[in-house]
>>> print(open('upload.cif').read())   # mmCIF, C-alpha atoms
data_my_file
#
loop_
_atom_site.group_PDB
_atom_site.id
_atom_site.type_symbol
_atom_site.label_atom_id
_atom_site.label_comp_id
_atom_site.auth_asym_id
_atom_site.auth_seq_id
_atom_site.Cartn_x
_atom_site.Cartn_y
_atom_site.Cartn_z
ATOM 1 C CA MET A 15 6.410 -39.387 3.942
ATOM 2 C CA ASN A 16 4.972 -36.865 1.489
ATOM 3 C CA LYS A 17 6.226 -36.797 -2.065
ATOM 4 C CA ASN A 18 7.622 -33.617 -3.573
ATOM 5 C CA PHE A 19 5.223 -31.114 -5.123
ATOM 6 C CA THR A 20 4.480 -30.511 -8.726
ATOM 7 C CA THR A 21 3.862 -26.824 -9.461
ATOM 8 C CA LYS A 22 0.124 -27.444 -9.686
ATOM 9 C CA GLU A 23 0.058 -29.296 -6.350
ATOM 10 C CA ARG A 24 2.128 -26.576 -4.637
ATOM 11 C CA LYS A 25 -0.263 -23.877 -5.828
ATOM 12 C CA LYS A 26 -3.305 -25.867 -4.712
ATOM 13 C CA ILE A 27 -1.878 -26.599 -1.251
ATOM 14 C CA PHE A 28 -0.722 -23.011 -0.818
ATOM 15 C CA ASP A 29 -4.134 -21.622 -1.792
ATOM 16 C CA LYS A 30 -5.685 -23.814 0.908
ATOM 17 C CA ILE A 31 -3.099 -22.737 3.529
ATOM 18 C CA PHE A 32 -3.559 -19.108 2.535
ATOM 19 C CA LYS A 33 -7.331 -19.289 2.904
ATOM 20 C CA GLU A 34 -7.411 -21.396 6.095
ATOM 21 C CA LYS A 35 -4.391 -20.108 8.047
ATOM 22 C CA ILE A 36 -2.908 -16.899 6.702
ATOM 23 C CA VAL A 37 -6.024 -14.848 5.949
ATOM 24 C CA PRO A 38 -7.663 -15.562 9.343
ATOM 25 C CA LEU A 39 -4.452 -14.557 11.154
ATOM 26 C CA PHE A 40 -4.266 -11.283 9.254
ATOM 27 C CA ASN A 41 -7.993 -10.673 9.775
ATOM 28 C CA GLU A 42 -7.409 -10.934 13.544
ATOM 29 C CA HIS A 43 -4.964 -8.030 13.185
ATOM 30 C CA GLY A 44 -7.294 -5.798 11.157
ATOM 31 C CA PHE A 45 -6.123 -6.744 7.653
ATOM 32 C CA ASN A 46 -8.319 -7.565 4.674
ATOM 33 C CA LEU A 47 -7.687 -9.178 1.314
ATOM 34 C CA HIS A 48 -6.969 -6.554 -1.326
ATOM 35 C CA THR A 49 -8.853 -8.517 -3.996
ATOM 36 C CA LYS A 50 -10.546 -11.912 -3.894
ATOM 37 C CA THR A 51 -7.769 -13.617 -5.832
ATOM 38 C CA SER A 52 -4.645 -11.696 -4.798
ATOM 39 C CA LYS A 53 -2.152 -12.669 -2.151
ATOM 40 C CA ARG A 54 -2.058 -9.055 -0.939
ATOM 41 C CA LEU A 55 -3.439 -8.110 2.448
ATOM 42 C CA PHE A 56 -3.888 -4.538 3.593
ATOM 43 C CA LYS A 57 -4.809 -2.466 6.577
ATOM 44 C CA ASN A 58 -5.935 1.157 6.528
ATOM 45 C CA LEU A 59 -4.051 3.090 9.178
ATOM 46 C CA GLY A 60 -5.886 6.416 8.844
ATOM 47 C CA ASN A 61 -4.833 9.771 7.434
ATOM 48 C CA LYS A 62 -4.635 8.257 3.898
ATOM 49 C CA LEU A 63 -1.961 5.804 5.094
ATOM 50 C CA SER A 64 -2.173 2.034 4.560
ATOM 51 C CA VAL A 65 0.118 -0.943 4.883
ATOM 52 C CA PHE A 66 0.213 -3.857 2.466
ATOM 53 C CA VAL A 67 1.684 -7.290 2.988
ATOM 54 C CA PHE A 68 2.594 -9.083 -0.228
ATOM 55 C CA ILE A 69 3.009 -12.851 -0.363
ATOM 56 C CA GLU A 70 4.655 -13.974 -3.584
ATOM 57 C CA TYR A 71 6.206 -17.184 -4.808
ATOM 58 C CA LYS A 72 9.838 -16.675 -5.779
ATOM 59 C CA SER A 73 10.671 -19.508 -8.158
ATOM 60 C CA ARG A 74 14.370 -18.651 -8.055
ATOM 61 C CA PHE A 75 14.424 -19.469 -4.338
ATOM 62 C CA GLU A 76 11.571 -21.995 -4.408
ATOM 63 C CA SER A 77 9.937 -20.175 -1.524
ATOM 64 C CA TYR A 78 7.193 -17.702 -0.711
ATOM 65 C CA GLY A 79 8.419 -14.271 0.299
ATOM 66 C CA ILE A 80 6.588 -11.796 2.476
ATOM 67 C CA SER A 81 7.281 -8.117 1.964
ATOM 68 C CA ILE A 82 5.712 -5.047 3.527
ATOM 69 C CA ALA A 83 5.004 -1.707 1.891
ATOM 70 C CA TYR A 84 3.334 1.449 3.126
ATOM 71 C CA PHE A 85 1.211 3.537 0.786
ATOM 72 C CA ASP A 86 -0.200 7.030 1.065
ATOM 73 C CA GLU A 87 -2.988 8.192 -1.214
ATOM 74 C CA GLU A 88 -1.202 11.520 -1.732
ATOM 75 C CA VAL A 89 1.956 9.796 -3.006
ATOM 76 C CA GLY A 90 0.626 6.864 -5.008
ATOM 77 C CA ASN A 91 -1.169 3.567 -4.946
ATOM 78 C CA VAL A 92 -0.549 -0.154 -4.957
ATOM 79 C CA TYR A 93 -1.684 -0.558 -8.568
ATOM 80 C CA ASP A 94 1.104 1.694 -9.835
ATOM 81 C CA ASP A 95 3.604 0.397 -7.255
ATOM 82 C CA ASN A 96 4.038 3.952 -5.965
ATOM 83 C CA TYR A 97 4.739 3.078 -2.380
ATOM 84 C CA LEU A 98 5.536 5.546 0.351
ATOM 85 C CA ALA A 99 8.123 3.280 1.983
ATOM 86 C CA LEU A 100 9.213 -0.364 2.065
ATOM 87 C CA VAL A 101 10.097 -2.100 5.298
ATOM 88 C CA ASN A 102 13.767 -3.129 5.396
ATOM 89 C CA GLY A 103 15.086 -6.193 7.162
ATOM 90 C CA MET A 104 11.765 -7.782 8.100
ATOM 91 C CA ASN A 105 11.101 -9.866 5.042
ATOM 92 C CA LEU A 106 10.017 -13.354 5.958
ATOM 93 C CA SER A 107 9.796 -16.440 3.809
ATOM 94 C CA PHE A 108 8.502 -19.978 3.985
ATOM 95 C CA SER A 109 8.934 -23.002 1.785
ATOM 96 C CA GLY A 110 8.500 -26.727 1.558
ATOM 97 C CA GLN A 111 9.029 -29.500 -0.936
ATOM 98 C CA ASN A 112 5.762 -31.157 0.065
ATOM 99 C CA SER A 113 2.548 -30.403 1.919
ATOM 100 C CA GLU A 114 3.857 -31.327 5.355
ATOM 101 C CA GLU A 115 7.008 -29.206 5.029
ATOM 102 C CA LEU A 116 5.072 -26.229 3.677
ATOM 103 C CA ASN A 117 2.553 -26.380 6.532
ATOM 104 C CA VAL A 118 5.319 -26.540 9.150
ATOM 105 C CA SER A 119 7.169 -23.652 7.512
ATOM 106 C CA VAL A 120 3.988 -21.536 7.389
ATOM 107 C CA ASP A 121 3.306 -22.291 11.060
ATOM 108 C CA ASP A 122 6.828 -21.120 11.966
ATOM 109 C CA CYS A 123 6.364 -17.997 9.869
ATOM 110 C CA MET A 124 3.047 -17.248 11.580
ATOM 111 C CA ILE A 125 4.813 -17.245 14.952
ATOM 112 C CA LYS A 126 7.263 -14.647 13.603
ATOM 113 C CA LEU A 127 4.402 -12.599 12.183
ATOM 114 C CA LYS A 128 2.714 -12.512 15.600
ATOM 115 C CA SER A 129 5.867 -11.744 17.569
ATOM 116 C CA THR A 130 7.622 -9.345 15.201
ATOM 117 C CA ILE A 131 5.720 -8.098 12.173
ATOM 118 C CA PHE A 132 2.331 -7.235 13.661
ATOM 119 C CA PRO A 133 3.880 -5.360 16.618
ATOM 120 C CA PHE A 134 6.184 -3.531 14.181
ATOM 121 C CA ILE A 135 3.196 -2.410 12.103
ATOM 122 C CA GLU A 136 1.326 -1.289 15.222
ATOM 123 C CA ASN A 137 4.348 0.770 16.283
ATOM 124 C CA HIS A 138 4.732 2.225 12.783
ATOM 125 C CA SER A 139 1.191 3.233 11.965
ATOM 126 C CA THR A 140 1.653 6.970 11.473
ATOM 127 C CA HIS A 141 3.599 9.192 9.112
ATOM 128 C CA LYS A 142 5.668 10.414 12.055
ATOM 129 C CA SER A 143 6.662 6.907 13.159
ATOM 130 C CA ILE A 144 7.776 6.069 9.606
ATOM 131 C CA LEU A 145 9.797 9.269 9.344
ATOM 132 C CA GLU A 146 11.517 8.654 12.681
ATOM 133 C CA SER A 147 12.415 5.029 11.934
ATOM 134 C CA ASP A 148 15.471 3.665 10.177
ATOM 135 C CA HIS A 149 13.615 0.471 9.187
ATOM 136 C CA PHE A 150 12.299 1.892 5.917
ATOM 137 C CA TYR A 151 13.525 2.255 2.363
ATOM 138 C CA ILE A 152 12.271 5.269 0.436
ATOM 139 C CA SER A 153 12.738 5.370 -3.329
ATOM 140 C CA LYS A 154 15.390 7.916 -4.272
ATOM 141 C CA THR A 155 13.359 9.035 -7.297
ATOM 142 C CA ARG A 156 10.402 9.983 -5.090
ATOM 143 C CA ALA A 157 12.307 10.847 -1.913
ATOM 144 C CA SER A 158 11.555 14.568 -1.859
ATOM 145 C CA LYS A 159 7.803 14.049 -2.366
ATOM 146 C CA VAL A 160 7.693 11.242 0.206
ATOM 147 C CA LEU A 161 9.697 13.136 2.814
ATOM 148 C CA GLU A 162 7.520 16.201 2.295
ATOM 149 C CA ARG A 163 4.394 14.094 2.871
ATOM 150 C CA LEU A 164 5.862 12.422 5.957
ATOM 151 C CA THR A 165 6.954 15.758 7.410
ATOM 152 C CA ASP A 166 3.618 17.474 6.711
ATOM 153 C CA ASN A 167 1.702 14.790 8.603
ATOM 154 C CA GLN A 168 3.544 14.767 11.903
#
>>> encode(input="upload.cif", output="structure tokens")
Amino acid sequence: MNKNFTTKERKKIFDKIFKEKIVPLFNEHGFNLHTKTSKRLFKNLGNKLSVFVFIEYKSRFESYGISIAYFDEEVGNVYDDNYLALVNGMNLSFSGQNSEELNVSVDDCMIKLKSTIFPFIENHSTHKSILESDHFYISKTRASKVLERLTDNQ
């Protein structure tokens, strides 16, 4: 039986899982790493639209959370966190107290990514599909600019 992680061990094991399992899966679906060291993956969808998948460790929950955000160059960029829309209700997570548990949890999450998240992104790859969907959160402070952009690109 595997012992529980220290923070350093968890980070090391996760980096290996990320490189060997997660990145190749996302690459198969047209995603690339945003930077060499980040846990952000992105896919350009055309017409200045892109989708980002963020994988972040949430110490409060002792798990890794996956969130999805769409960006449009006319509205803002990932560096300033000026997203076009966030995906609601499709946030996945995985966790484990040791290497074995984390690997099993990631494998389960990868099945959900293949069956739910990647098809969702394929079906929501245009401004029009985002506008017509109720699966997105749009910031109230930027709502008029975002809605104008979504409407102009139908």
>>> atom_distance(input="upload.cif", atom1="atom CA of A:Phe150", atom2="atom CA of A:Leu63")
14.8 Å
>>> resolve_selection(input="upload.cif", expression="the PyMOL selection byres ((chain A and resi 96-107) around 8)", output="PyMOL selection string")
chain A and resi 77-86+89-95+108-109+123+131+149-153+160
>>> atom_distance(input="upload.cif", atom1="atom CA of A:Thr51", atom2="atom CA of A:Lys33")
10.4 Å
>>> resolve_selection(input="upload.cif", expression="the PyMOL selection byres ((chain A and resi 53) around 8)", output="ChimeraX atom specification")
/A:47-48,51-52,54-55,68-70
>>> closest_residue(input="upload.cif", among="A:Ser64, A:Arg24, A:Glu87, A:Glu76", to="A:Glu114", atoms="all atoms listed in the file")
A:Arg24
>>> residues_around(input="upload.cif", residues="A:Glu162", least_positions_apart="3", cutoff="12 Å", atoms="all atoms listed in the file", output="ChimeraX atom specification")
/A:88-89,98,141-142,145,156-159,165-168
>>> closest_residue(input="upload.cif", among="A:Asp29, A:Asp148, A:Asp122, A:Glu23", to="A:Lys50", atoms="all atoms listed in the file")
A:Asp29
>>> axis_aligned_box(input="upload.cif", around="stretch 142-157 of chain A", padding_each_side="8 Å", output="AutoDock Vina command-line options")
--center_x 10.6 --center_y 5.7 --center_z 2.9 --size_x 25.8 --size_y 26.4 --size_z 36.5
>>> atom_distance(input="upload.cif", atom1="atom CA of A:Asp121", atom2="atom CA of A:Ile36")
9.3 Å
>>> resolve_selection(input="upload.cif", expression="the PyMOL selection byres ((chain A and resi 20) around 12)", output="list in words")
Lys17, Asn18, Phe19, Thr21, Lys22, Glu23, Arg24, Lys25, Lys26, Ile27, Glu76, Gly110, Gln111, Asn112 and Ser113 of chain A
